[in-house]
$ cat protein16.cif   # mmCIF, C-alpha atoms
data_upload
#
loop_
_atom_site.label_atom_id
_atom_site.label_comp_id
_atom_site.auth_asym_id
_atom_site.auth_seq_id
_atom_site.Cartn_x
_atom_site.Cartn_y
_atom_site.Cartn_z
CA MET Y 459 22.57 -17.30 22.96
CA ALA Y 460 19.85 -16.85 25.57
CA GLU Y 461 16.26 -17.33 24.43
CA MET Y 462 15.42 -13.63 24.63
CA GLU Y 463 18.50 -12.78 22.63
CA VAL Y 464 17.64 -15.36 19.97
CA GLU Y 465 14.15 -13.92 19.74
CA ARG Y 466 15.43 -10.37 19.35
CA THR Y 467 18.01 -11.48 16.79
CA LEU Y 468 15.37 -13.33 14.82
CA GLU Y 469 13.01 -10.35 14.78
CA ARG Y 470 15.87 -8.16 13.61
CA LEU Y 471 16.89 -10.62 10.90
CA PHE Y 472 13.35 -11.07 9.65
CA ALA Y 473 12.93 -7.29 9.51
CA ARG Y 474 16.14 -6.95 7.49
CA ALA Y 475 14.80 -8.27 4.20
CA PRO Y 476 16.97 -7.73 1.14
CA GLU Y 477 15.61 -5.28 -1.44
CA SER Y 478 14.51 -7.26 -4.51
CA SER Y 479 16.00 -6.22 -7.82
CA ASP Y 480 12.52 -6.25 -9.36
CA ALA Y 481 10.83 -4.24 -6.60
CA GLU Y 482 9.72 -1.58 -9.08
CA ALA Y 483 8.37 -4.13 -11.56
CA PHE Y 484 6.52 -5.91 -8.75
CA ALA Y 485 4.88 -2.65 -7.64
CA GLU Y 486 3.81 -2.00 -11.23
CA ARG Y 487 2.29 -5.47 -11.50
CA VAL Y 488 0.26 -4.87 -8.35
CA GLN Y 489 -0.82 -1.45 -9.57
CA ARG Y 490 -1.90 -2.86 -12.94
CA ARG Y 491 -4.03 -5.42 -11.13
CA LEU Y 492 -5.55 -2.67 -9.00
CA ASP Y 493 -6.29 -0.58 -12.09
CA ARG Y 494 -7.89 -3.56 -13.83
CA GLY Y 495 -10.01 -4.29 -10.77
CA TRP Y 496 -11.01 -0.63 -10.54
CA ALA Y 497 -12.03 -0.50 -14.20
CA ALA Y 498 -14.03 -3.72 -13.82
CA ARG Y 499 -15.73 -2.29 -10.73
CA ARG Y 500 -16.68 0.88 -12.59
CA VAL Y 501 -18.18 -1.11 -15.44
CA LEU Y 502 -20.00 -3.34 -12.95
CA ILE Y 503 -21.45 -0.43 -10.99
CA GLY Y 504 -22.47 1.34 -14.18
CA ALA Y 505 -24.03 -1.81 -15.59
CA ALA Y 506 -25.84 -2.54 -12.33
CA GLY Y 507 -27.19 1.03 -12.26
CA LEU Y 508 -28.32 0.77 -15.87
CA VAL Y 509 -29.95 -2.63 -15.40
CA GLY Y 510 -31.63 -1.41 -12.23
CA GLY Y 511 -32.86 1.70 -13.99
CA VAL Y 512 -34.19 -0.24 -16.96
CA ILE Y 513 -35.94 -2.75 -14.68
CA GLY Y 514 -37.38 0.08 -12.62
CA ALA Y 515 -38.62 1.94 -15.69
CA SER Y 516 -40.10 -1.22 -17.23
CA GLN Y 517 -41.87 -2.04 -13.98
CA LEU Y 518 -43.33 1.43 -13.89
CA ILE Y 519 -44.65 1.02 -17.39
CA MET Y 520 -45.76 -2.61 -17.07
CA PHE Y 521 -47.78 -2.14 -13.93
CA ASN Y 522 -49.35 1.02 -15.24
CA LEU Y 523 -48.17 2.86 -12.21
CA PHE Y 524 -48.87 6.16 -13.84
CA SER Y 525 -52.59 5.65 -13.93
CA ARG Y 526 -52.65 4.18 -10.43
CA ALA Y 527 -50.70 7.11 -9.11
CA GLU Y 528 -53.00 9.44 -10.97
CA ALA Y 529 -56.03 7.84 -9.40
CA ALA Y 530 -54.53 7.61 -5.96
CA SER Y 531 -53.31 11.14 -5.80
CA SER Y 532 -55.20 13.14 -8.35
CA GLU Y 533 -54.69 16.19 -6.19
CA SER Y 534 -50.92 15.90 -6.35
CA VAL Y 535 -51.13 15.38 -10.08
CA GLN Y 536 -53.23 18.52 -10.38
CA VAL Y 537 -50.68 20.40 -8.35
CA LEU Y 538 -47.92 19.01 -10.55
CA THR Y 539 -49.84 19.84 -13.69
CA SER Y 540 -50.61 23.37 -12.59
CA GLY Y 541 -46.99 23.74 -11.48
CA VAL Y 542 -45.73 22.62 -14.86
CA ARG Y 543 -48.19 24.97 -16.56
CA GLN Y 544 -47.04 27.86 -14.43
CA ILE Y 545 -43.37 27.12 -15.01
CA ALA Y 546 -43.66 26.33 -18.69
CA PRO Y 547 -46.90 27.33 -20.35
CA GLN Y 548 -45.46 26.10 -23.60
CA ALA Y 549 -45.56 22.55 -22.14
CA GLU Y 550 -49.31 22.61 -22.71
CA TRP Y 551 -48.90 20.51 -25.84
CA LEU Y 552 -47.13 17.86 -23.77
CA LEU Y 553 -49.87 17.62 -21.15
CA ASN Y 554 -52.60 17.56 -23.76
CA GLY Y 555 -50.72 15.29 -26.15
CA PRO Y 556 -51.40 11.61 -26.73
CA ALA Y 557 -49.20 10.53 -23.82
CA GLY Y 558 -50.26 13.32 -21.48
CA ILE Y 559 -49.22 13.13 -17.86
CA GLU Y 560 -47.78 9.65 -18.37
CA ALA Y 561 -45.03 11.14 -20.51
CA ILE Y 562 -44.11 13.48 -17.67
CA TRP Y 563 -43.96 10.58 -15.25
CA LEU Y 564 -41.81 8.64 -17.70
CA VAL Y 565 -39.42 11.54 -18.11
CA ALA Y 566 -39.31 11.98 -14.34
CA GLY Y 567 -38.56 8.27 -13.94
CA LEU Y 568 -35.76 8.43 -16.47
CA ALA Y 569 -34.39 11.51 -14.73
CA VAL Y 570 -34.31 9.56 -11.46
CA VAL Y 571 -32.48 6.71 -13.21
CA ALA Y 572 -29.97 9.18 -14.67
CA MET Y 573 -29.49 10.76 -11.25
CA GLY Y 574 -28.89 7.28 -9.82
CA LEU Y 575 -26.18 6.66 -12.37
CA VAL Y 576 -24.55 10.02 -11.64
CA LEU Y 577 -24.72 9.32 -7.92
CA THR Y 578 -23.08 5.90 -8.24
CA ARG Y 579 -20.33 7.50 -10.31
CA ILE Y 580 -19.80 10.21 -7.69
CA ILE Y 581 -19.69 7.64 -4.86
CA GLU Y 582 -17.21 5.61 -6.85
CA GLU Y 583 -14.93 8.58 -7.53
CA PHE Y 584 -14.85 10.06 -4.02
CA MET B 553 2.77 9.14 -13.01
CA SER B 554 4.84 12.29 -13.32
CA ARG B 555 8.24 12.58 -11.71
CA ALA B 556 6.98 15.39 -9.45
CA GLU B 557 4.04 13.26 -8.29
CA ARG B 558 6.37 10.33 -7.68
CA HIS B 559 8.68 12.59 -5.68
CA ARG B 560 5.76 13.93 -3.65
CA LEU B 561 4.56 10.41 -2.81
CA SER B 562 8.03 9.19 -1.93
CA SER B 563 8.35 12.00 0.63
CA LEU B 564 5.16 10.97 2.46
CA HIS B 565 5.03 8.75 5.54
CA ASP B 566 3.41 5.32 5.26
CA VAL B 567 0.44 6.46 7.33
CA GLU B 568 -0.17 9.41 5.02
CA LEU B 569 0.09 7.15 1.98
CA ALA B 570 -2.31 4.67 3.57
CA SER B 571 -4.74 7.49 4.23
CA LEU B 572 -4.55 8.59 0.58
CA ALA B 573 -4.97 4.96 -0.51
CA ALA B 574 -8.04 4.66 1.71
CA SER B 575 -9.60 7.50 -0.28
CA GLY B 576 -8.96 5.54 -3.49
CA ASP B 577 -5.53 6.86 -4.48
CA ARG B 578 -3.97 3.86 -6.20
CA GLN B 579 -0.72 5.70 -6.92
CA ALA B 580 -0.22 6.25 -3.20
CA PHE B 581 -0.82 2.56 -2.61
CA GLY B 582 1.68 1.78 -5.37
CA GLU B 583 4.29 3.69 -3.40
CA LEU B 584 3.52 1.52 -0.36
CA VAL B 585 3.94 -1.60 -2.49
CA ARG B 586 7.27 -0.22 -3.75
CA ARG B 587 8.42 0.25 -0.15
CA HIS B 588 7.23 -3.01 1.35
CA GLY B 589 7.01 -5.45 -1.57
CA SER B 590 10.48 -6.89 -1.04
CA ALA B 591 9.93 -7.48 2.68
CA VAL B 592 6.60 -9.21 2.09
CA ARG B 593 8.05 -11.46 -0.60
CA ALA B 594 11.05 -12.27 1.57
CA LEU B 595 8.71 -13.29 4.39
CA LEU B 596 6.73 -15.58 2.10
CA ARG B 597 9.90 -17.22 0.81
CA ARG B 598 11.06 -17.70 4.37
CA MET B 599 7.74 -19.37 5.16
CA GLY B 600 8.62 -21.96 2.55
CA ILE B 601 6.69 -20.69 -0.48
CA SER B 602 8.34 -21.30 -3.85
CA ALA B 603 9.72 -18.33 -5.80
CA THR B 604 7.03 -18.57 -8.48
CA GLU B 605 4.18 -18.76 -6.00
CA THR B 606 5.62 -16.00 -3.82
CA ASP B 607 4.98 -13.34 -6.42
CA ASP B 608 1.32 -14.30 -6.90
CA LEU B 609 0.70 -14.63 -3.20
CA ALA B 610 2.36 -11.30 -2.43
CA GLN B 611 0.27 -9.61 -5.12
CA ASP B 612 -2.90 -11.14 -3.66
CA ALA B 613 -1.88 -9.94 -0.21
CA PHE B 614 -1.36 -6.37 -1.42
CA ILE B 615 -4.66 -6.36 -3.31
CA SER B 616 -6.36 -7.62 -0.18
CA ALA B 617 -4.55 -4.93 1.84
CA PHE B 618 -5.80 -2.25 -0.55
CA GLU B 619 -9.37 -3.50 -0.21
CA SER B 620 -9.20 -3.34 3.57
CA ILE B 621 -6.89 -0.32 3.85
CA ALA B 622 -9.55 1.56 5.84
CA GLU B 623 -8.91 -0.91 8.66
CA PHE B 624 -5.29 0.23 8.94
CA ARG B 625 -5.32 2.99 11.53
CA GLY B 626 -1.59 3.53 11.84
CA GLU B 627 -1.41 1.91 15.27
CA GLY B 628 1.42 -0.37 14.12
CA THR B 629 3.58 -0.08 11.03
CA PHE B 630 2.09 -0.55 7.60
CA GLY B 631 4.82 -3.10 6.87
CA GLY B 632 3.83 -5.17 9.90
CA TRP B 633 0.15 -4.96 9.01
CA VAL B 634 0.62 -6.08 5.42
CA LYS B 635 3.00 -8.86 6.49
CA LYS B 636 0.27 -10.25 8.75
CA ILE B 637 -2.16 -10.21 5.82
CA ALA B 638 0.41 -11.96 3.61
CA ALA B 639 1.27 -14.53 6.29
CA ARG B 640 -2.39 -15.41 6.82
CA ALA B 641 -2.91 -15.69 3.05
CA CYS B 642 0.13 -17.95 2.94
CA VAL B 643 -1.28 -20.18 5.67
CA ARG B 644 -4.59 -20.43 3.81
CA ARG B 645 -2.71 -21.41 0.65
CA ILE B 646 -0.76 -24.04 2.56
CA GLN B 647 -3.89 -25.42 4.19
CA LYS B 648 -5.37 -26.08 0.75
CA ASP B 649 -2.49 -28.47 0.15
CA LYS B 650 -3.68 -31.60 1.94
CA LYS B 651 -0.30 -33.31 1.84
CA TYR B 652 1.33 -30.33 3.45
CA ARG B 653 -1.43 -30.12 6.00
CA SER B 654 -0.98 -33.73 7.07
CA ARG B 655 2.78 -33.24 7.30
CA LEU B 656 2.22 -30.15 9.42
CA GLU B 657 0.06 -32.09 11.85
CA ALA B 658 2.42 -35.07 11.91
CA ALA B 659 5.44 -32.85 12.45
CA ASP B 660 4.62 -32.84 16.14
CA LEU B 661 5.94 -36.39 16.32
CA LEU B 662 8.57 -36.20 13.65
CA ASP B 663 11.72 -34.15 13.37
CA GLU B 664 12.14 -33.66 9.62
CA SER B 665 15.07 -31.28 9.68
CA PRO B 666 18.35 -32.41 8.12
CA PRO B 667 21.30 -33.11 10.41
CA GLU B 668 23.23 -30.01 11.26
CA ASP B 669 26.90 -29.21 11.28
CA PRO B 670 27.45 -27.56 14.66
CA GLY B 671 30.54 -25.67 13.50
CA ARG B 672 28.84 -23.97 10.56
CA ARG B 673 27.26 -20.52 10.86
CA MET B 674 24.47 -19.57 8.45
CA ASP B 675 22.36 -16.59 7.49
CA LEU B 676 18.65 -16.58 8.31
CA ASP B 677 17.42 -17.91 4.97
CA GLU B 678 19.83 -20.82 5.09
CA ALA B 679 19.14 -21.52 8.74
CA LEU B 680 15.37 -21.58 8.15
CA LYS B 681 15.78 -24.17 5.40
CA GLY B 682 17.19 -26.49 8.03
CA LEU B 683 13.98 -26.43 10.08
CA GLY B 684 11.06 -28.80 9.69
CA GLU B 685 8.08 -27.36 7.76
CA ALA B 686 5.97 -26.77 10.82
CA GLU B 687 8.82 -25.22 12.79
CA ARG B 688 9.73 -22.95 9.93
CA LEU B 689 6.14 -21.85 9.47
CA CYS B 690 5.56 -21.21 13.16
CA VAL B 691 8.84 -19.33 13.63
CA SER B 692 8.17 -17.21 10.53
CA LEU B 693 4.63 -16.42 11.64
CA CYS B 694 5.72 -15.39 15.12
CA TYR B 695 9.00 -13.58 14.41
CA GLY B 696 8.57 -12.57 10.77
CA ALA B 697 4.90 -11.64 10.64
CA GLY B 698 4.66 -10.60 14.29
CA LEU B 699 1.78 -12.91 15.19
CA SER B 700 1.42 -14.00 18.79
CA HIS B 701 1.53 -17.74 19.51
CA ALA B 702 -2.24 -17.69 19.95
CA GLU B 703 -2.77 -15.88 16.65
CA ALA B 704 -0.45 -18.32 14.88
CA ALA B 705 -2.33 -21.25 16.41
CA GLU B 706 -5.62 -19.78 15.26
CA ALA B 707 -4.31 -19.10 11.75
CA LEU B 708 -2.85 -22.61 11.46
CA ASN B 709 -5.83 -24.21 13.18
CA LEU B 710 -3.45 -26.06 15.50
CA PRO B 711 -3.52 -26.33 19.29
CA LEU B 712 -1.63 -23.53 21.05
CA GLY B 713 0.66 -26.03 22.77
CA THR B 714 1.64 -27.55 19.42
CA VAL B 715 2.54 -24.15 18.00
CA LYS B 716 4.55 -23.31 21.12
CA SER B 717 6.51 -26.53 20.86
CA HIS B 718 7.20 -25.95 17.12
CA VAL B 719 8.47 -22.46 17.94
CA LYS B 720 10.57 -23.75 20.83
CA ARG B 721 12.18 -26.46 18.72
CA GLY B 722 12.72 -24.04 15.87
CA LEU B 723 14.38 -21.52 18.16
CA ASP B 724 16.65 -24.20 19.62
CA LYS B 725 17.83 -25.18 16.15
CA LEU B 726 18.24 -21.59 14.99
CA ARG B 727 20.21 -20.73 18.11
CA ALA B 728 22.84 -23.25 17.08
CA ARG B 729 22.86 -22.19 13.46
CA LEU B 730 22.87 -18.42 13.64
CA ALA B 731 25.94 -16.42 14.55
CA PRO B 732 25.62 -14.47 17.81
CA ASP B 733 25.27 -11.14 16.01
CA GLY B 734 23.01 -12.64 13.39
CA ASP B 735 25.12 -10.98 10.72
CA THR B 736 26.80 -13.94 9.11
CA MET B 737 26.17 -12.83 5.54
CA GLU B 738 28.17 -9.61 5.95
CA GLY B 739 30.78 -11.52 7.94
CA ARG B 740 31.32 -14.05 5.15
CA ARG B 741 31.49 -11.32 2.54
CA GLY B 742 34.00 -9.45 4.68
CA ASN B 743 36.18 -12.52 4.86
CA GLY B 744 36.19 -12.71 1.10
#
$ encode --input "protein16.cif" --output "structure tokens"
Amino acid sequence: MAEMEVERTLERLFARAPESSDAEAFAERVQRRLDRGWAARRVLIGAAGLVGGVIGASQLIMFNLFSRAEAASSESVQVLTSGVRQIAPQAEWLLNGPAGIEAIWLVAGLAVVAMGLVLTRIIEEF
Amino acid sequence: MSRAERHRLSSLHDVELASLAASGDRQAFGELVRRHGSAVRALLRRMGISATETDDLAQDAFISAFESIAEFRGEGTFGGWVKKIAARACVRRIQKDKKYRSRLEAADLLDESPPEDPGRRMDLDEALKGLGEAERLCVSLCYGAGLSHAEAAEALNLPLGTVKSHVKRGLDKLRARLAPDGDTMEGRRGNG
């Protein structure tokens, strides 16, 4: 056989692989591994989001960011406060309560964390 | 997976399945594994990997293919693409084996193949077993996985000239061992 012919024959023979009797079982094994990996990834992303959120929230509380933000942008806080009052006059008790505006900031922070978790889930699914 | 879903996936082209897999559809990727699993495992066996290791290595190759499925743009066949991934994974596995590695490098000076019977015609799997390890690996990489000589040299971390000479020697031996039509298996069966 000429070299070119040998090469073509070899390519043809390599391409003609016999169908394994356990082809279906093999595909299932691969798919199970993919599913396991996917589940682990979901847990990991969720856990990372949760840990990040908790760290973020604790940092906010520990460094007393609420009061700093209040001092730094009292105007924006006033706007926020008046906005909240306009939207929900019944929230007066919350603003005047023991936690005051800090509670609102805390709730807002937790909402951001929750949104982060939802977002990671959406990114993961699509 | 329902029978209807299975039927729908089996009617799709590889490129369409790859596109679905790229968007995270693991069932679509499963169909690709069903179609190409046997070919990938056959290639690994032909590269000299044991039957037990072949399954693990092929699974790793498919997982790796799924993770980088976005890189498959349908320019070649999916089968060819995944075979290249598997062949490179196989080379990496082989390179971890220091004994094998040293034999591969020494094979340039040493012809390890058993003596051949010039009158006997073989099928590909049998004929490949008669090659030295390096020849078998280089021939499988170039003609089974579709790597160029340069790509094979890079994957094996060997000089291009060395790979070319392994391929040349392998081809010379295979030329003598394979029937002209390359269809010895069917021929033997036909003769009873």
$ closest_residue --input "protein16.cif" --among "Y:Ser479, Y:Gln489, Y:Thr467, Y:Ser516" --to "Gly567 in chain Y" --atoms "all atoms listed in the file"
Y:Ser516
$ axis_aligned_box --input "protein16.cif" --around "range 706-711 of chain B" --padding-each-side "3 Å" --output "lines of an AutoDock Vina configuration file"
center_x = -4.3
center_y = -22.7
center_z = 15.4
size_x = 9.0
size_y = 13.2
size_z = 13.8
$ interface_residues --input "protein16.cif" --of "chain B" --to "chain Y" --cutoff "6 Å" --atoms "only C-alpha atoms" --output "number ranges by chain"
B: 582, 585-586, 590-591, 611, 695-696
$ resolve_selection --input "protein16.cif" --expression "the PyMOL selection byres ((chain Y and resi 511) around 10)" --output "number ranges by chain"
Y: 505-510, 512-517, 567-572, 574-575
$ atom_distance --input "protein16.cif" --atom1 "CA of Thr578 in chain Y" --atom2 "CA of Ala498 in chain Y"
14.3 Å
$ atom_distance --input "protein16.cif" --atom1 "CA of Lys725 in chain B" --atom2 "CA of Leu699 in chain B"
20.2 Å
$ closest_residue --input "protein16.cif" --among "B:Glu583, B:Glu706, B:Asp677, B:Asp607" --to "Ser563 in chain B" --atoms "all atoms listed in the file"
B:Glu583
$ atom_distance --input "protein16.cif" --atom1 "CA of Lys720 in chain B" --atom2 "CA of Gly684 in chain B"
12.2 Å
$ residues_around --input "protein16.cif" --residues "Leu569 in chain B" --least-positions-apart "6" --cutoff "8 Å" --atoms "all atoms listed in the file" --output "MDAnalysis selection string"
chainID B and resid 561 580:581 583:584
$ closest_residue --input "protein16.cif" --among "B:Lys636, B:Gln647, B:Ser575, B:Ile615" --to "Ala704 in chain B" --atoms "all atoms listed in the file"
B:Lys636
$ resolve_selection --input "protein16.cif" --expression "the PyMOL selection byres ((chain B and resi 689-691) around 8)" --output "list in words"
Met599, Gly600, Glu685, Ala686, Glu687, Arg688, Ser692, Leu693, Cys694, Tyr695, Gly696, Ala704, Val715, His718, Val719, Gly722 and Leu723 of chain B
$ residues_around --input "protein16.cif" --residues "Ser620 in chain B" --least-positions-apart "4" --cutoff "12 Å" --atoms "all atoms listed in the file" --output "ChimeraX atom specification"
/B:570-571,573-576,581,613-616,624-625,633-634,637
$ resolve_selection --input "protein16.cif" --expression "the PyMOL selection byres ((chain B and resi 707) around 10)" --output "list of chain:residue names"
B:Ala639, B:Arg640, B:Ala641, B:Cys642, B:Val643, B:Arg644, B:Gln647, B:Leu693, B:Leu699, B:His701, B:Ala702, B:Glu703, B:Ala704, B:Ala705, B:Glu706, B:Leu708, B:Asn709, B:Leu710
$ build_atoms --input "protein16.cif" --residues "range 575-589 of chain B" --atoms "N, CA and C atoms" --output "PDB file, in the frame of the given file"
ATOM      1  N   SER B 575      -8.647   6.670   0.460  1.00  0.00           N
ATOM      2  CA  SER B 575      -9.600   7.500  -0.280  1.00  0.00           C
ATOM      3  C   SER B 575      -9.577   7.147  -1.781  1.00  0.00           C
ATOM      4  N   GLY B 576      -8.922   6.044  -2.110  1.00  0.00           N
ATOM      5  CA  GLY B 576      -8.960   5.540  -3.490  1.00  0.00           C
ATOM      6  C   GLY B 576      -7.753   5.878  -4.334  1.00  0.00           C
ATOM      7  N   ASP B 577      -6.722   6.478  -3.720  1.00  0.00           N
ATOM      8  CA  ASP B 577      -5.530   6.860  -4.480  1.00  0.00           C
ATOM      9  C   ASP B 577      -4.637   5.637  -4.715  1.00  0.00           C
ATOM     10  N   ARG B 578      -4.722   5.091  -5.906  1.00  0.00           N
ATOM     11  CA  ARG B 578      -3.970   3.860  -6.200  1.00  0.00           C
ATOM     12  C   ARG B 578      -2.479   4.131  -6.366  1.00  0.00           C
ATOM     13  N   GLN B 579      -2.148   5.352  -6.777  1.00  0.00           N
ATOM     14  CA  GLN B 579      -0.720   5.700  -6.920  1.00  0.00           C
ATOM     15  C   GLN B 579      -0.053   5.695  -5.548  1.00  0.00           C
ATOM     16  N   ALA B 580      -0.775   6.216  -4.562  1.00  0.00           N
ATOM     17  CA  ALA B 580      -0.220   6.250  -3.200  1.00  0.00           C
ATOM     18  C   ALA B 580      -0.014   4.819  -2.697  1.00  0.00           C
ATOM     19  N   PHE B 581      -0.968   3.952  -3.025  1.00  0.00           N
ATOM     20  CA  PHE B 581      -0.820   2.560  -2.610  1.00  0.00           C
ATOM     21  C   PHE B 581       0.355   1.912  -3.337  1.00  0.00           C
ATOM     22  N   GLY B 582       0.546   2.296  -4.599  1.00  0.00           N
ATOM     23  CA  GLY B 582       1.680   1.780  -5.370  1.00  0.00           C
ATOM     24  C   GLY B 582       3.005   2.111  -4.695  1.00  0.00           C
ATOM     25  N   GLU B 583       3.077   3.296  -4.111  1.00  0.00           N
ATOM     26  CA  GLU B 583       4.290   3.690  -3.400  1.00  0.00           C
ATOM     27  C   GLU B 583       4.505   2.785  -2.167  1.00  0.00           C
ATOM     28  N   LEU B 584       3.418   2.449  -1.506  1.00  0.00           N
ATOM     29  CA  LEU B 584       3.520   1.520  -0.360  1.00  0.00           C
ATOM     30  C   LEU B 584       4.003   0.146  -0.816  1.00  0.00           C
ATOM     31  N   VAL B 585       3.507  -0.296  -1.957  1.00  0.00           N
ATOM     32  CA  VAL B 585       3.940  -1.600  -2.490  1.00  0.00           C
ATOM     33  C   VAL B 585       5.430  -1.538  -2.816  1.00  0.00           C
ATOM     34  N   ARG B 586       5.850  -0.400  -3.404  1.00  0.00           N
ATOM     35  CA  ARG B 586       7.270  -0.220  -3.750  1.00  0.00           C
ATOM     36  C   ARG B 586       8.127  -0.336  -2.479  1.00  0.00           C
ATOM     37  N   ARG B 587       7.640   0.237  -1.385  1.00  0.00           N
ATOM     38  CA  ARG B 587       8.420   0.250  -0.150  1.00  0.00           C
ATOM     39  C   ARG B 587       8.458  -1.110   0.551  1.00  0.00           C
ATOM     40  N   HIS B 588       7.331  -1.818   0.507  1.00  0.00           N
ATOM     41  CA  HIS B 588       7.230  -3.010   1.350  1.00  0.00           C
ATOM     42  C   HIS B 588       7.158  -4.338   0.572  1.00  0.00           C
ATOM     43  N   GLY B 589       7.131  -4.242  -0.748  1.00  0.00           N
ATOM     44  CA  GLY B 589       7.010  -5.450  -1.570  1.00  0.00           C
ATOM     45  C   GLY B 589       8.115  -6.464  -1.314  1.00  0.00           C
TER      46      GLY B 589
END
